[in-house]
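Below: one structure, written as structure tokens.
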Amino acid sequence: MRRILVVGGGYAGFYTAWRLEKKLRRDEAEVVVVDPRPYMTYQPFLPEVVAGSVEARHAAVSLRRNLRRTRIVDGMVTHIAHADRTVTIRPALGPDYELPYDVIAVTAGAVTRTFDVPGVADRAIGMKHVEEAVAIRDRLFTAFDQAAGLEPGPLRRKLLTVTFVGGGFSGVEGFAELQSLARALLKKFPELAGDDLGFHLVEATNRILPEVSDRPGEWVVKMLEKRGAVVHLNTTMTSAEDGHVVLSDGTEFDSELIVWTAGNAATRLLRNHTDLPHNERGLVQVRADLRIGTASEVVPDAWAAGDDAAVPDLAAPGEGAYTVPNAQNAVRQGKLLAKNLLRSLRGREPKNYVHHSLGAIATLGLGTGIFQYRRIVIKGLLAWLMHRGYHVLAVPTWDRKMRVLAIWLVSFCYGRDIVSLASVQSPREAFTTEAKAPKLSVTRPG
């Protein structure tokens with residue numbers, strides 16, 4: 001059998017393997033997925049994980065549970081030598097090793113784009129994975145618990161100041177959901193007031209939410225400011241050392257929680273450790289049919305899709321445009337990639353990827369959202385309901401759909417859970433503290 005190696009188990013990789021399982025004839029090919037995480041993250045749910053509206057595990061789709069005929073390799077691909085048809089894998093335990101393949105599908109996704117800003121590496125946290133979303137939520141809960149025991153002053157203000165860097169969909173949704181949660185928490189903390197909260201959104205360009213037009217974007221900014229947020233446009237962060245934030249417009253303040261969502265970048269694997277062609281941004285150079293290569297030259301047995309691939313956007317006016325790196329494109333590219341792999345295995349020509357956007361939709365806190373499709377713009381509660389309806393249908397597998405619906409129903413009846421479990425990040429601390437403490441000498445009678 002030929003071995004199809006899928007590098008990455010995110011959106012594009014998961015859907016590629018899932019579709020291949022359903023369509024491959026027995027003994028036609030072996031599918032292998034390599035990923036350091038045992039699950040696919042449904043990223044549109046991360047803002048609601050941050051807000052406590054979705055349980056963390058419900059935003060993660062198990063690879064082993066759903067890819068039953070696929071070999072799952074727990075590890076990270078550190079080098080691709082397509083000339084030799086091998087990849088180097090670094091497992092969680094043990095030495096690196098090489099894995100041969102016949103056909104490769106590169107769906108490694110992207111990483112959070114960072115810059116050399118002092119303090120960011122030490123103080124900030126991303127919002128690309130479930131673990132990060134959970135940590136953001138727990139840090140806010142912990143900050144409220146700590147601030148409630150302090151007198152009004154700089155330390156309390158710092159604990160309750162949140163800074164998001166990046167005004168794309170991920171940043172704005174996470175920011176709005178966390179701000180909505182913080183305002184709701186004030187009802188449970190009579191010691192605190194709305195003036196104690198500080199929410200800052202920093203965006204380097206002159207607008208947020210680039211996938212919607214200007215007026216809806218301006219409405220979102222006004223809505224956030226009405227809630228008490230400060231939106232810094234045309235502004236960058238120049239320092240975050242020790243939690244002291246300095247912005248390019250001269251603004252300075254202390255912030256305990258700094259969330260970095262300033263776009264995506266290609267992985268180091270694709271930038272530096274592969275002989276596959278890539279563009280100046282480090283993305284794999286892909287044809288419209290998802291084969292790696294250019295219009296005039298194809299790399300045999302090599303395919304790519306998702307955030308790490310520069311896929312030509314045939315639906316865009318003009319030439320030279322690439323598809324937007326979002327979930328909508330990654331899912332559909334993964335499905336087409338599986339179909340094209342099958343067509344190639346069976347001696348047929350692959351089809352081009354052409355997708356017309358279904359619109360842009362965002363959640364902006366409990367009961368508020370925004371949706372735009374061409375000139376149609378819907379705001380408020382209806383858009384929020386549309387967001388929830390769309391994503392509960394889009395999340396893969398019925399068990400995840402039912403679990404998410406159940407937690408939404410429970411939250412509607414009883415409210416969101418506000419317990420901080422930040423201690424799970426250091427689960428042995430209580431035990432080791434007690435184990436290292438001086439022991440009392442006990443003398444037994446007799």
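Scheme for the structure tokens: letters A, B, ... for chains in order shown; per-chain residue numbers from 1; ligand numbers from 1 in order shown.
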Residues near range 333-349 of chain A, anyone? I mean within 6 Å using only C-alpha atoms, not counting same-chain ones fewer than 3 positions away, as a list in words. Ala12, Tyr15, Thr16, Arg19, Leu20, Ala305, Asn329 and Ala330 of chain A
Same residues, C-alpha atoms, output as a compact mmCIF listing (two decimals), in the first residue's frame:
```txt
# COMPACT_ATOMS: atom_id res chain seq x y z
CA ALA A 12 -7.14 20.84 7.16
CA TYR A 15 -10.70 16.77 7.52
CA THR A 16 -8.24 15.35 4.98
CA ARG A 19 -12.57 12.06 4.36
CA LEU A 20 -9.84 9.69 3.19
CA ALA A 305 -3.69 23.09 2.50
CA ASN A 329 -11.07 27.90 4.05
CA ALA A 330 -9.09 25.31 6.03
```
Close residues, Ala81 in chain A itself excluded, 7 Å, only C-alpha atoms, min 3 positions apart in chain, as a PyMOL selection string: chain A and resi 84-87+274-275
Identify, on the basis of only C-alpha atoms, every residue whose closest approach to range 248-260 of chain A does not exceed 10 Å; exclude the query and any residue fewer than 3 positions from it along the same chain; express the result as JSON, numbers by chain. {"A": [112, 113, 114, 120, 121, 123, 124, 125, 126, 127, 128, 132, 133, 136, 139, 140, 143, 154, 155, 156, 157, 158, 159, 160, 161, 162, 163, 164, 165, 166, 170, 171, 174, 175, 198, 199, 200, 201, 202, 204, 232, 233, 234, 235, 236, 237, 238, 239, 240, 241, 242, 243, 244, 245, 263]}
Polymer residues at most 8 Å from Ser62 in chain A, only C-alpha atoms, same-chain spacing of 6 or more positions, as number ranges by chain: A: 38-40
Set out as a Markdown table a contact list for range 316-389 of chain A and range 216-231 of chain A with a cut-off of 10 Å, giving each residue of range 316-389 of chain A that qualifies its closest atom pair and distance in Å to one decimal, counting only C-alpha atoms, ordered by chain and rising residue number.
```
| residue | atom | partner | partner_atom | distance |
| --- | --- | --- | --- | --- |
| A:Leu364 | CA | A:Val220 | CA | 8.3 |
| A:Gly365 | CA | A:Leu224 | CA | 10.0 |
| A:Thr368 | CA | A:Met223 | CA | 9.8 |
| A:Gly369 | CA | A:Val220 | CA | 9.1 |
| A:Ile370 | CA | A:Pro216 | CA | 7.9 |
| A:Phe371 | CA | A:Pro216 | CA | 8.8 |
| A:Gln372 | CA | A:Pro216 | CA | 8.1 |
| A:Val377 | CA | A:Pro216 | CA | 7.4 |
| A:Ile378 | CA | A:Pro216 | CA | 9.1 |
| A:Lys379 | CA | A:Pro216 | CA | 8.5 |
```
The selected residues should be written to file as a CSV table (one decimal), in the first residue's frame (atoms: N, CA and C atoms).
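Result file result-v5.csv:
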```csv
chain,number,residue,atom,x,y,z
A,364,LEU,N,-19.4,38.8,20.2
A,364,LEU,CA,-18.8,39.9,20.9
A,364,LEU,C,-19.3,40.0,22.4
A,365,GLY,N,-19.4,38.8,23.0
A,365,GLY,CA,-19.9,38.8,24.3
A,365,GLY,C,-21.3,38.2,24.4
A,368,THR,N,-24.4,39.3,22.1
A,368,THR,CA,-24.1,40.3,21.1
A,368,THR,C,-23.1,39.7,20.1
A,369,GLY,N,-23.4,40.0,18.8
A,369,GLY,CA,-22.5,39.5,17.8
A,369,GLY,C,-22.7,40.4,16.6
A,370,ILE,N,-21.9,40.1,15.5
A,370,ILE,CA,-22.0,40.8,14.2
A,370,ILE,C,-21.8,39.8,13.1
A,371,PHE,N,-22.6,40.0,12.0
A,371,PHE,CA,-22.5,39.2,10.8
A,371,PHE,C,-22.6,40.1,9.6
A,372,GLN,N,-21.7,39.8,8.6
A,372,GLN,CA,-21.8,40.5,7.4
A,372,GLN,C,-21.6,39.6,6.2
A,377,VAL,N,-25.7,43.4,6.8
A,377,VAL,CA,-25.0,43.4,8.1
A,377,VAL,C,-26.1,43.2,9.1
A,378,ILE,N,-25.8,42.3,10.0
A,378,ILE,CA,-26.7,42.0,11.2
A,378,ILE,C,-26.0,42.2,12.5
A,379,LYS,N,-26.5,42.9,13.4
A,379,LYS,CA,-25.8,43.2,14.7
A,379,LYS,C,-26.7,42.7,15.8
```
Quick one: residues within 12 Å of Tyr390 in chain A, only C-alpha atoms counted, chain neighbours fewer than 2 positions away excluded, as a PyMOL selection string? chain A and resi 44-45+328+358-363+371+383-388+392-396+401
Suppose we keep C-alpha atoms; can you now write the selection as a compact mmCIF listing (two decimals), in the first residue's frame?
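In the end it all went to out_26.txt:
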```
# COMPACT_ATOMS: atom_id res chain seq x y z
CA PRO A 44 -13.98 29.40 16.73
CA PHE A 45 -14.96 28.11 20.19
CA GLN A 328 -13.81 28.42 6.63
CA LEU A 358 -20.12 32.63 3.30
CA GLY A 359 -19.64 35.91 5.12
CA ALA A 360 -17.96 36.91 8.37
CA ILE A 361 -19.51 36.34 11.79
CA ALA A 362 -18.19 37.10 15.26
CA THR A 363 -19.34 36.79 18.86
CA PHE A 371 -22.53 39.19 10.83
CA ALA A 383 -26.12 37.82 14.95
CA TRP A 384 -25.03 36.17 18.22
CA LEU A 385 -27.68 33.45 17.79
CA MET A 386 -26.57 32.97 14.17
CA HIS A 387 -22.97 32.58 15.38
CA ARG A 388 -23.92 29.89 17.85
CA VAL A 392 -22.72 24.11 16.59
CA LEU A 393 -23.54 22.76 13.13
CA ALA A 394 -19.98 23.20 11.89
CA VAL A 395 -18.11 21.56 14.78
CA PRO A 396 -17.31 17.99 13.69
CA LYS A 401 -22.46 19.12 19.01
```
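Using only C-alpha atoms for every distance, the candidate list A:Ala437, A:Ala304, A:Ala110, A:Val31 yields A:Ala110 as the residue closest to Arg268 in chain A.
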Taking the DSSP assignment computed from this structure's backbone, write out as a short mmCIF file (atom, residue, chain, number, x, y, z; two decimals) with N, CA and C atoms, in the first residue's frame all residues of range 187-362 of chain A that belong to helix (DSSP H, G or I).
```cif
data_model
loop_
_atom_site.label_atom_id
_atom_site.label_comp_id
_atom_site.auth_asym_id
_atom_site.auth_seq_id
_atom_site.Cartn_x
_atom_site.Cartn_y
_atom_site.Cartn_z
N LYS A 187 -20.95 41.37 39.57
CA LYS A 187 -22.13 41.11 40.39
C LYS A 187 -21.82 40.15 41.53
N LYS A 188 -20.80 39.32 41.36
CA LYS A 188 -20.43 38.35 42.38
C LYS A 188 -19.37 38.89 43.34
N GLY A 194 -17.01 48.81 38.59
CA GLY A 194 -16.70 48.86 37.17
C GLY A 194 -15.47 49.69 36.88
N ASP A 195 -15.22 50.73 37.69
CA ASP A 195 -14.05 51.59 37.47
C ASP A 195 -12.74 50.87 37.75
N ASP A 196 -12.79 49.75 38.45
CA ASP A 196 -11.57 48.99 38.72
C ASP A 196 -11.09 48.22 37.49
N ASP A 214 -15.87 48.90 6.67
CA ASP A 214 -15.51 49.94 7.63
C ASP A 214 -16.60 50.23 8.66
N ARG A 215 -17.84 50.42 8.20
CA ARG A 215 -18.89 50.85 9.13
C ARG A 215 -19.20 49.80 10.19
N PRO A 216 -19.34 48.50 9.85
CA PRO A 216 -19.52 47.50 10.91
C PRO A 216 -18.33 47.46 11.87
N GLY A 217 -17.11 47.64 11.35
CA GLY A 217 -15.94 47.67 12.23
C GLY A 217 -15.99 48.84 13.19
N GLU A 218 -16.43 49.99 12.69
CA GLU A 218 -16.56 51.17 13.56
C GLU A 218 -17.63 50.95 14.62
N TRP A 219 -18.71 50.25 14.25
CA TRP A 219 -19.76 49.95 15.23
C TRP A 219 -19.21 49.08 16.36
N VAL A 220 -18.38 48.11 16.02
CA VAL A 220 -17.79 47.23 17.05
C VAL A 220 -16.92 48.05 17.99
N VAL A 221 -16.10 48.95 17.44
CA VAL A 221 -15.25 49.79 18.29
C VAL A 221 -16.09 50.62 19.25
N LYS A 222 -17.16 51.25 18.75
CA LYS A 222 -18.02 52.07 19.61
C LYS A 222 -18.71 51.23 20.67
N MET A 223 -19.11 50.01 20.30
CA MET A 223 -19.75 49.13 21.26
C MET A 223 -18.79 48.75 22.38
N LEU A 224 -17.55 48.43 22.04
CA LEU A 224 -16.55 48.07 23.05
C LEU A 224 -16.24 49.26 23.94
N GLU A 225 -16.13 50.44 23.35
CA GLU A 225 -15.84 51.64 24.14
C GLU A 225 -17.00 51.99 25.05
N LYS A 226 -18.22 51.73 24.61
CA LYS A 226 -19.38 51.97 25.45
C LYS A 226 -19.37 51.08 26.68
N GLU A 241 7.55 44.85 29.80
CA GLU A 241 8.40 44.32 30.86
C GLU A 241 7.75 44.47 32.22
N ASP A 242 7.75 43.35 32.97
CA ASP A 242 7.17 43.31 34.32
C ASP A 242 5.70 43.72 34.34
N GLY A 243 5.02 43.54 33.22
CA GLY A 243 3.61 43.88 33.15
C GLY A 243 3.34 45.36 32.97
N ARG A 268 8.39 27.20 11.82
CA ARG A 268 9.83 27.11 11.53
C ARG A 268 10.13 25.94 10.60
N LEU A 269 9.31 24.87 10.69
CA LEU A 269 9.50 23.73 9.80
C LEU A 269 9.47 24.16 8.34
N LEU A 270 8.48 24.96 7.98
CA LEU A 270 8.31 25.34 6.57
C LEU A 270 9.26 26.45 6.17
N ARG A 271 9.68 27.27 7.12
CA ARG A 271 10.61 28.35 6.79
C ARG A 271 12.05 27.84 6.60
N ASN A 272 12.42 26.83 7.39
CA ASN A 272 13.84 26.49 7.44
C ASN A 272 14.19 25.01 7.27
N ALA A 327 -10.79 29.41 9.37
CA ALA A 327 -11.37 28.07 9.52
C ALA A 327 -12.22 27.70 8.31
N GLN A 328 -12.93 28.68 7.76
CA GLN A 328 -13.81 28.42 6.63
C GLN A 328 -13.03 27.83 5.46
N ASN A 329 -11.88 28.41 5.15
CA ASN A 329 -11.07 27.90 4.05
C ASN A 329 -10.36 26.60 4.41
N ALA A 330 -9.85 26.51 5.64
CA ALA A 330 -9.09 25.31 6.03
C ALA A 330 -9.96 24.06 5.96
N VAL A 331 -11.21 24.15 6.43
CA VAL A 331 -12.11 22.99 6.40
C VAL A 331 -12.39 22.58 4.96
N ARG A 332 -12.73 23.54 4.13
CA ARG A 332 -13.08 23.20 2.74
C ARG A 332 -11.86 22.74 1.94
N GLN A 333 -10.71 23.31 2.23
CA GLN A 333 -9.49 22.84 1.55
C GLN A 333 -9.15 21.42 1.98
N GLY A 334 -9.34 21.10 3.28
CA GLY A 334 -9.09 19.74 3.74
C GLY A 334 -9.99 18.73 3.05
N LYS A 335 -11.25 19.07 2.88
CA LYS A 335 -12.18 18.16 2.20
C LYS A 335 -11.80 17.97 0.73
N LEU A 336 -11.45 19.08 0.06
CA LEU A 336 -11.05 18.96 -1.34
C LEU A 336 -9.72 18.22 -1.48
N LEU A 337 -8.82 18.45 -0.54
CA LEU A 337 -7.53 17.76 -0.60
C LEU A 337 -7.73 16.25 -0.56
N ALA A 338 -8.63 15.78 0.30
CA ALA A 338 -8.91 14.35 0.35
C ALA A 338 -9.46 13.85 -0.99
N LYS A 339 -10.37 14.61 -1.58
CA LYS A 339 -10.94 14.21 -2.88
C LYS A 339 -9.87 14.19 -3.97
N ASN A 340 -9.01 15.20 -3.96
CA ASN A 340 -7.97 15.27 -4.99
C ASN A 340 -6.92 14.17 -4.82
N LEU A 341 -6.62 13.83 -3.58
CA LEU A 341 -5.70 12.71 -3.34
C LEU A 341 -6.27 11.41 -3.91
N LEU A 342 -7.56 11.22 -3.68
CA LEU A 342 -8.21 10.03 -4.22
C LEU A 342 -8.21 10.05 -5.74
N ARG A 343 -8.50 11.18 -6.33
CA ARG A 343 -8.50 11.29 -7.79
C ARG A 343 -7.10 11.00 -8.35
N SER A 344 -6.09 11.50 -7.66
CA SER A 344 -4.73 11.27 -8.11
C SER A 344 -4.35 9.79 -8.00
N LEU A 345 -4.72 9.17 -6.88
CA LEU A 345 -4.42 7.74 -6.70
C LEU A 345 -5.07 6.89 -7.78
#
```
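Of the residues under consideration (A:Leu46, A:Ile104, A:Leu24, A:Ala135), A:Ala135 shows the shortest atom-to-atom contact distance to Ser423 in chain A when counting only C-alpha atoms.
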When you look at Leu63 in chain A with a cut-off of 10 Å (counting only C-alpha atoms), what residues show up, excluding the ones that are within fewer than 3 positions of it in the same chain? I need them as a PyMOL selection string. chain A and resi 9-10+14+17-18+33+35+37-40+60+66-68+70-72
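Between CA of Pro100 in chain A and CA of Ala288 in chain A lies a distance of 26.6 Å.
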If you run DSSP over the backbone, which residues in range 137-291 of chain A end up strand (DSSP E or B)? Put them as a PyMOL selection string. chain A and resi 161-165+198-202+230-232+237-239+244-247+252-254+257-260+264-266+274+278+284-286+291
Residues of the last selection are to be written out with N, CA and C atoms, as a short mmCIF file (atom, residue, chain, number, x, y, z; two decimals), in the first residue's frame.
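Here's the written file result.cif:
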```cif
data_model
loop_
_atom_site.label_atom_id
_atom_site.label_comp_id
_atom_site.auth_asym_id
_atom_site.auth_seq_id
_atom_site.Cartn_x
_atom_site.Cartn_y
_atom_site.Cartn_z
N THR A 161 -6.59 44.72 34.97
CA THR A 161 -6.35 45.34 33.66
C THR A 161 -5.92 44.26 32.68
N VAL A 162 -6.63 44.19 31.56
CA VAL A 162 -6.40 43.18 30.53
C VAL A 162 -6.02 43.89 29.23
N THR A 163 -4.99 43.37 28.56
CA THR A 163 -4.54 43.96 27.30
C THR A 163 -4.51 42.89 26.22
N PHE A 164 -5.18 43.15 25.11
CA PHE A 164 -5.12 42.29 23.94
C PHE A 164 -4.37 43.03 22.84
N VAL A 165 -3.42 42.34 22.21
CA VAL A 165 -2.66 42.91 21.10
C VAL A 165 -3.08 42.18 19.83
N GLY A 198 -9.94 47.51 33.64
CA GLY A 198 -9.25 48.19 32.55
C GLY A 198 -9.07 47.22 31.39
N PHE A 199 -9.68 47.52 30.26
CA PHE A 199 -9.56 46.66 29.09
C PHE A 199 -9.01 47.48 27.92
N HIS A 200 -7.85 47.03 27.37
CA HIS A 200 -7.20 47.74 26.28
C HIS A 200 -7.02 46.80 25.09
N LEU A 201 -7.44 47.25 23.92
CA LEU A 201 -7.25 46.52 22.67
C LEU A 201 -6.31 47.33 21.79
N VAL A 202 -5.18 46.73 21.42
CA VAL A 202 -4.14 47.43 20.67
C VAL A 202 -4.08 46.87 19.26
N VAL A 230 -10.84 50.54 26.04
CA VAL A 230 -10.05 51.53 25.32
C VAL A 230 -9.45 50.84 24.11
N VAL A 231 -9.78 51.32 22.91
CA VAL A 231 -9.29 50.74 21.67
C VAL A 231 -8.22 51.66 21.10
N HIS A 232 -6.99 51.15 20.99
CA HIS A 232 -5.86 51.93 20.49
C HIS A 232 -5.60 51.52 19.04
N MET A 237 2.57 47.92 20.54
CA MET A 237 3.15 47.79 21.88
C MET A 237 4.66 47.82 21.74
N THR A 238 5.31 48.68 22.51
CA THR A 238 6.77 48.79 22.46
C THR A 238 7.46 48.10 23.62
N SER A 239 6.73 47.84 24.71
CA SER A 239 7.32 47.14 25.84
C SER A 239 6.21 46.60 26.74
N HIS A 244 4.38 46.15 32.77
CA HIS A 244 4.20 47.59 32.51
C HIS A 244 4.15 47.80 31.00
N VAL A 245 2.97 48.11 30.49
CA VAL A 245 2.74 48.22 29.05
C VAL A 245 3.05 49.63 28.58
N VAL A 246 3.86 49.71 27.54
CA VAL A 246 4.16 51.00 26.90
C VAL A 246 3.74 50.89 25.44
N LEU A 247 2.90 51.84 24.99
CA LEU A 247 2.41 51.85 23.61
C LEU A 247 3.08 52.95 22.80
N GLU A 252 0.89 54.57 28.82
CA GLU A 252 1.54 53.61 29.69
C GLU A 252 0.57 53.19 30.79
N PHE A 253 0.58 51.89 31.13
CA PHE A 253 -0.25 51.38 32.22
C PHE A 253 0.26 50.00 32.61
N ASP A 254 -0.14 49.55 33.79
CA ASP A 254 0.22 48.21 34.26
C ASP A 254 -0.90 47.24 33.94
N LEU A 257 -2.70 40.76 32.80
CA LEU A 257 -2.98 39.79 31.75
C LEU A 257 -2.78 40.43 30.38
N ILE A 258 -1.83 39.88 29.62
CA ILE A 258 -1.53 40.38 28.27
C ILE A 258 -1.72 39.21 27.31
N VAL A 259 -2.62 39.37 26.34
CA VAL A 259 -2.93 38.32 25.38
C VAL A 259 -2.48 38.78 24.00
N TRP A 260 -1.65 37.95 23.35
CA TRP A 260 -1.07 38.31 22.06
C TRP A 260 -1.79 37.56 20.95
N ASN A 264 -0.87 35.50 12.18
CA ASN A 264 -0.23 34.20 12.03
C ASN A 264 1.09 34.31 11.28
N ALA A 265 1.95 33.32 11.49
CA ALA A 265 3.21 33.22 10.76
C ALA A 265 3.45 31.75 10.42
N ALA A 266 4.23 31.51 9.38
CA ALA A 266 4.55 30.14 9.01
C ALA A 266 5.40 29.48 10.09
N THR A 274 12.78 22.26 5.20
CA THR A 274 12.15 21.46 4.15
C THR A 274 12.73 21.85 2.80
N HIS A 278 8.64 27.39 -1.03
CA HIS A 278 7.78 28.28 -0.26
C HIS A 278 8.02 29.71 -0.70
N VAL A 284 4.06 27.39 2.12
CA VAL A 284 4.29 26.46 1.03
C VAL A 284 3.61 26.99 -0.24
N GLN A 285 4.35 26.97 -1.34
CA GLN A 285 3.80 27.45 -2.61
C GLN A 285 2.88 26.38 -3.20
N VAL A 286 1.60 26.71 -3.35
CA VAL A 286 0.59 25.72 -3.73
C VAL A 286 -0.15 26.19 -4.98
N ARG A 291 -1.92 21.00 -5.19
CA ARG A 291 -0.62 20.37 -5.36
C ARG A 291 0.46 21.42 -5.12
#
```
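Picture a line from CA of Leu185 in chain A to CA of Asp138 in chain A; it runs 12.8 Å.
Minimum distance to Val103 in chain A across A:Val419, A:Leu209, A:Ala147, A:Leu5 (counting only C-alpha atoms) occurs at A:Leu5.
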Computed interatomic separation between CA of Leu178 in chain A and CA of Asp417 in chain A (Å): 13.7 Å
If we count only C-alpha atoms, what is near Val299 in chain A at a cut-off of 10 Å, once residues fewer than 3 positions away on the same chain are taken out, given as a PyMOL selection string? chain A and resi 82-83+276-277+286+291-294+302-303
Would you mind exporting the chosen residues as an mmCIF file, in the first residue's frame, restricted to N, CA and C atoms?
```cif
data_model
loop_
_atom_site.group_PDB
_atom_site.id
_atom_site.type_symbol
_atom_site.label_atom_id
_atom_site.label_comp_id
_atom_site.auth_asym_id
_atom_site.auth_seq_id
_atom_site.Cartn_x
_atom_site.Cartn_y
_atom_site.Cartn_z
ATOM 1 N N HIS A 82 11.678 15.823 0.926
ATOM 2 C CA HIS A 82 10.789 15.234 -0.063
ATOM 3 C C HIS A 82 11.565 14.524 -1.166
ATOM 4 N N ALA A 83 12.776 14.954 -1.414
ATOM 5 C CA ALA A 83 13.585 14.281 -2.423
ATOM 6 C C ALA A 83 13.809 12.814 -2.063
ATOM 7 N N LEU A 276 10.733 21.617 0.206
ATOM 8 C CA LEU A 276 9.556 21.996 -0.561
ATOM 9 C C LEU A 276 9.589 23.501 -0.827
ATOM 10 N N PRO A 277 9.110 23.956 -1.975
ATOM 11 C CA PRO A 277 9.169 25.391 -2.298
ATOM 12 C C PRO A 277 8.217 26.208 -1.426
ATOM 13 N N VAL A 286 1.600 26.706 -3.350
ATOM 14 C CA VAL A 286 0.589 25.724 -3.731
ATOM 15 C C VAL A 286 -0.149 26.193 -4.978
ATOM 16 N N ARG A 291 -1.922 21.000 -5.193
ATOM 17 C CA ARG A 291 -0.621 20.373 -5.364
ATOM 18 C C ARG A 291 0.464 21.417 -5.122
ATOM 19 N N ILE A 292 1.543 21.016 -4.467
ATOM 20 C CA ILE A 292 2.642 21.936 -4.217
ATOM 21 C C ILE A 292 3.389 22.184 -5.523
ATOM 22 N N GLY A 293 3.676 23.464 -5.782
ATOM 23 C CA GLY A 293 4.380 23.832 -7.003
ATOM 24 C C GLY A 293 3.860 25.140 -7.551
ATOM 25 N N THR A 294 4.191 25.424 -8.782
ATOM 26 C CA THR A 294 3.762 26.645 -9.461
ATOM 27 C C THR A 294 2.877 26.272 -10.636
ATOM 28 N N ALA A 302 3.188 15.687 -3.636
ATOM 29 C CA ALA A 302 3.254 16.656 -2.536
ATOM 30 C C ALA A 302 2.064 17.596 -2.623
ATOM 31 N N TRP A 303 1.351 17.713 -1.516
ATOM 32 C CA TRP A 303 0.141 18.519 -1.446
ATOM 33 C C TRP A 303 0.188 19.372 -0.182
#
```
